[in-house]
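Right, one structure below, let's go through it.
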Amino acid sequence: MKNEALIANEGFDGAAEKMESIALSLYYGNNLAIQDVPMKVYENTITALIGPSGCGKSTLLRSFNRMNELIPGVKIEGQVLFHGEDLYAKDVDPVAVRRRIGMVFQKPNPFPKSIYDNVAFGPRIYGYQGDLDELVEDSLKDAAIWDEVKDKLDSNGLELSGGQQQRLCIARTIAVKPEVILMDEPTSALDPIAAGKIEDLLQELKEDYTILIVTHNMQQAARVSDLTAFMMIEEERRSGVLVEYNRTNELFTNPIVQSTQDYITGRFG
Amino acid sequence: MTKRFVRELERLRDMLLEMGSLVEEQTNGMIQALMTGDKDLAEKLIKRDKEVDELEIQVDQLCEEIIALSQPVASDLRLIVAGFKMSNDLERMGDQAKNIGVQVVHMERVNEQMLKKMRLDVMTSFVKDMVTDALDSFVHGDATQAKSVCDMDDEVDNINLYLMKKFGEENGFWLTMSQKIHLLIIVQNLERIGDLATNIAEDVIFLVKAKVIKHGYEEFDES
């Protein structure tokens, strides 16, 4: 049955479909975490996932690059398509998936290595044959941190401030030239100034990448994203469902579903 | 949603209602003063316009504060946006009522029979209903009632046009030139009160249905 509140699944300004989950369910052991999620992700678009704690936002996000498989006892039903191909097909290498669909985590997690080596790490593993210096510089520039670190590329990445570390992690992610960047609350550990820089950066990155971001900060979702997906816990099976998926300006001014209205206006959640 | 935010939204509603009741009283009182030629009543009501002005400033300050401190969205945000506009419209309605009062004070009395012949009783009755219904529709969140206010505005406009034409005639209603000028100003102000009641009704539709119907921008949908 077609869900009238998932308007963004019908298309978004002619943007190409990059990824799609089809009736995606995920179990941690016997616990159903997300249930039958149908969701399309569009190229060069920022899509925000919002919803109360435990509604399955991060689980859904991590399903988009097979990160959940690293957790024992996980069972997945349904499909996640990337360019129309099933990510979970038997012959697909999860490492290759994660290269094309990168991830930035909540807490900045640079390696205890130099700034340069942090960015060069991925390309080296994948046997990058081009000019590595140029790639590192370009990645740091794209992550809007080059000017702050260009004179200290040999310094340890852990010596940077939290906001700089997060941008270094974004540089590390984009150094392997992914097509999609998944972000799990990338600014929740940062102060508002550092978070603002990441938000500005997202707008530049979407020119080249497709971005899916989980955030607890609704104002941030409203500020940065083109589309917003609202998830909540369905009472009967206590699992996460996709409730409403629409243009961000529509969802935050005139939501279709009452529970979306209640959540964004702070009446529950 | 914090308790403080809930309280602030309730306070905004209460203040808009207080302002609305005051403007309704002013409008109805001025109409009574006009129909009965009661200059004392008109003078008394003119002085009360300040109360409406003060409330406008308080409503605007509260709306600004809620936006700055609570970042409302969806229906809460629409209440703030409508609140800003309604306070402005109500303040203007108070001014228009005051203008009517000033004319009543200075006008040589026109007897009620003549005013009825001019259909001013019909026009004022429509205007009173429009103001009352616009405010009621806000209280009850009733978009259908709000839409009926918009529809009534056509009647008021028609009477306004009829009277403009009549006042232009040499012997129209057998009034003196001075009376005609005062009445013309009164009729214009009544017509404006009708327009402003329509604005408020459109704000109520925006608030309840998230639809912008002014200037024919979106269709009104009963459902």
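In the structure tokens, chains take letters A, B, ... by order of appearance, with residues numbered from 1 within each chain and ligands from 1 in the order shown.
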
Enumerate as an mmCIF file with all heavy atoms, in the first residue's frame the residues belonging to chain B that approach chain A to within 9 Å, with only C-alpha atoms taken into account.
data_model
loop_
_atom_site.group_PDB
_atom_site.id
_atom_site.type_symbol
_atom_site.label_atom_id
_atom_site.label_comp_id
_atom_site.auth_asym_id
_atom_site.auth_seq_id
_atom_site.Cartn_x
_atom_site.Cartn_y
_atom_site.Cartn_z
ATOM 1 N N MET B 1 8.626 19.643 24.393
ATOM 2 C CA MET B 1 8.093 21.000 24.531
ATOM 3 C C MET B 1 8.123 21.413 26.005
ATOM 4 O O MET B 1 7.547 20.737 26.855
ATOM 5 C CB MET B 1 6.661 21.006 24.010
ATOM 6 C CG MET B 1 5.997 22.334 24.109
ATOM 7 S SD MET B 1 4.316 22.202 23.486
ATOM 8 C CE MET B 1 4.298 23.546 22.346
ATOM 9 N N THR B 2 8.777 22.523 26.302
ATOM 10 C CA THR B 2 8.893 22.913 27.707
ATOM 11 C C THR B 2 7.594 23.554 28.184
ATOM 12 O O THR B 2 6.819 24.091 27.395
ATOM 13 C CB THR B 2 10.027 23.930 27.897
ATOM 14 O OG1 THR B 2 9.691 25.113 27.149
ATOM 15 C CG2 THR B 2 11.362 23.393 27.421
ATOM 16 N N GLN B 71 12.336 28.955 19.153
ATOM 17 C CA GLN B 71 12.404 28.489 17.752
ATOM 18 C C GLN B 71 11.214 27.605 17.370
ATOM 19 O O GLN B 71 11.378 26.422 17.078
ATOM 20 C CB GLN B 71 13.704 27.722 17.489
ATOM 21 C CG GLN B 71 14.962 28.553 17.572
ATOM 22 C CD GLN B 71 15.635 28.431 18.915
ATOM 23 O OE1 GLN B 71 15.670 27.371 19.487
ATOM 24 N NE2 GLN B 71 16.156 29.525 19.427
ATOM 25 N N PRO B 72 10.002 28.163 17.371
ATOM 26 C CA PRO B 72 8.826 27.348 17.050
ATOM 27 C C PRO B 72 8.808 26.906 15.581
ATOM 28 O O PRO B 72 9.386 27.587 14.734
ATOM 29 C CB PRO B 72 7.653 28.297 17.320
ATOM 30 C CG PRO B 72 8.231 29.662 17.137
ATOM 31 C CD PRO B 72 9.646 29.580 17.588
ATOM 32 N N VAL B 73 8.167 25.766 15.333
ATOM 33 C CA VAL B 73 7.990 25.296 13.951
ATOM 34 C C VAL B 73 6.523 24.905 13.739
ATOM 35 O O VAL B 73 5.735 24.878 14.673
ATOM 36 C CB VAL B 73 8.893 24.078 13.603
ATOM 37 C CG1 VAL B 73 10.354 24.462 13.629
ATOM 38 C CG2 VAL B 73 8.634 22.925 14.562
ATOM 39 N N ALA B 74 6.208 24.592 12.471
ATOM 40 C CA ALA B 74 4.878 24.083 12.086
ATOM 41 C C ALA B 74 3.747 24.926 12.678
ATOM 42 O O ALA B 74 3.804 26.146 12.601
ATOM 43 C CB ALA B 74 4.763 22.609 12.473
ATOM 44 N N SER B 75 2.736 24.308 13.298
ATOM 45 C CA SER B 75 1.548 25.065 13.724
ATOM 46 C C SER B 75 1.912 26.117 14.769
ATOM 47 O O SER B 75 1.283 27.175 14.838
ATOM 48 C CB SER B 75 0.466 24.129 14.261
ATOM 49 O OG SER B 75 0.965 23.408 15.356
ATOM 50 N N ASP B 76 2.931 25.839 15.592
ATOM 51 C CA ASP B 76 3.349 26.844 16.584
ATOM 52 C C ASP B 76 3.901 28.082 15.880
ATOM 53 O O ASP B 76 3.624 29.210 16.271
ATOM 54 C CB ASP B 76 4.430 26.269 17.507
ATOM 55 C CG ASP B 76 3.905 25.102 18.326
ATOM 56 O OD1 ASP B 76 2.681 25.025 18.530
ATOM 57 O OD2 ASP B 76 4.719 24.272 18.749
ATOM 58 N N LEU B 77 4.688 27.842 14.845
ATOM 59 C CA LEU B 77 5.257 28.972 14.101
ATOM 60 C C LEU B 77 4.148 29.751 13.396
ATOM 61 O O LEU B 77 4.173 30.989 13.355
ATOM 62 C CB LEU B 77 6.285 28.469 13.080
ATOM 63 C CG LEU B 77 6.934 29.541 12.209
ATOM 64 C CD1 LEU B 77 7.685 30.560 13.055
ATOM 65 C CD2 LEU B 77 7.893 28.914 11.204
ATOM 66 N N ARG B 78 3.161 29.008 12.876
ATOM 67 C CA ARG B 78 2.054 29.705 12.196
ATOM 68 C C ARG B 78 1.289 30.593 13.175
ATOM 69 O O ARG B 78 0.818 31.661 12.798
ATOM 70 C CB ARG B 78 1.116 28.692 11.519
ATOM 71 C CG ARG B 78 1.735 28.020 10.305
ATOM 72 C CD ARG B 78 0.674 27.476 9.364
ATOM 73 N NE ARG B 78 -0.143 26.458 9.963
ATOM 74 C CZ ARG B 78 0.193 25.184 10.075
ATOM 75 N NH1 ARG B 78 1.352 24.764 9.624
ATOM 76 N NH2 ARG B 78 -0.630 24.312 10.634
ATOM 77 N N LYS B 209 -5.287 25.667 8.546
ATOM 78 C CA LYS B 209 -5.140 24.793 7.368
ATOM 79 C C LYS B 209 -3.774 24.890 6.692
ATOM 80 O O LYS B 209 -3.517 24.170 5.728
ATOM 81 C CB LYS B 209 -6.196 25.183 6.316
ATOM 82 C CG LYS B 209 -7.621 25.003 6.772
ATOM 83 C CD LYS B 209 -8.155 23.722 6.200
ATOM 84 C CE LYS B 209 -9.590 23.523 6.529
ATOM 85 N NZ LYS B 209 -10.009 22.172 6.220
ATOM 86 N N ALA B 210 -2.942 25.808 7.141
ATOM 87 C CA ALA B 210 -1.649 26.060 6.483
ATOM 88 C C ALA B 210 -1.840 26.428 5.016
ATOM 89 O O ALA B 210 -1.021 26.082 4.168
ATOM 90 C CB ALA B 210 -0.721 24.853 6.617
#

Please report, as a ChimeraX atom specification, each residue of region 23-241 of chain A to which DSSP assigns alpha helix (DSSP H) when run on this structure's backbone.
-> /A:57-63,94-100,115-125,132-142,146-149,162-174,192-205,218-224

All residues 7 Å or closer to Met130 (chain B), only C-alpha atoms, same chain fewer than 4 positions away omitted, as number ranges by chain | B: 126, 134, 149, 194, 197

Closest atom pairs, region 13-79 of chain B residues within 10 Å of region 170-192 of chain B, only C-alpha atoms, as a tab-separated table:
residue	atom	partner	partner_atom	distance
B:Thr27	CA	B:Leu190	CA	9.0
B:Ile31	CA	B:Leu190	CA	9.1
B:Leu34	CA	B:Ile186	CA	8.9

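CA of Asp138 (chain A) to CA of Val104 (chain A) spans 18.1 Å [interatomic distance, one decimal].
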
Between A:Asp86, A:Phe230, A:Asn44, A:Asp208, single out the one closest to Gln258 (chain A), counting only C-alpha atoms.
-> A:Phe230
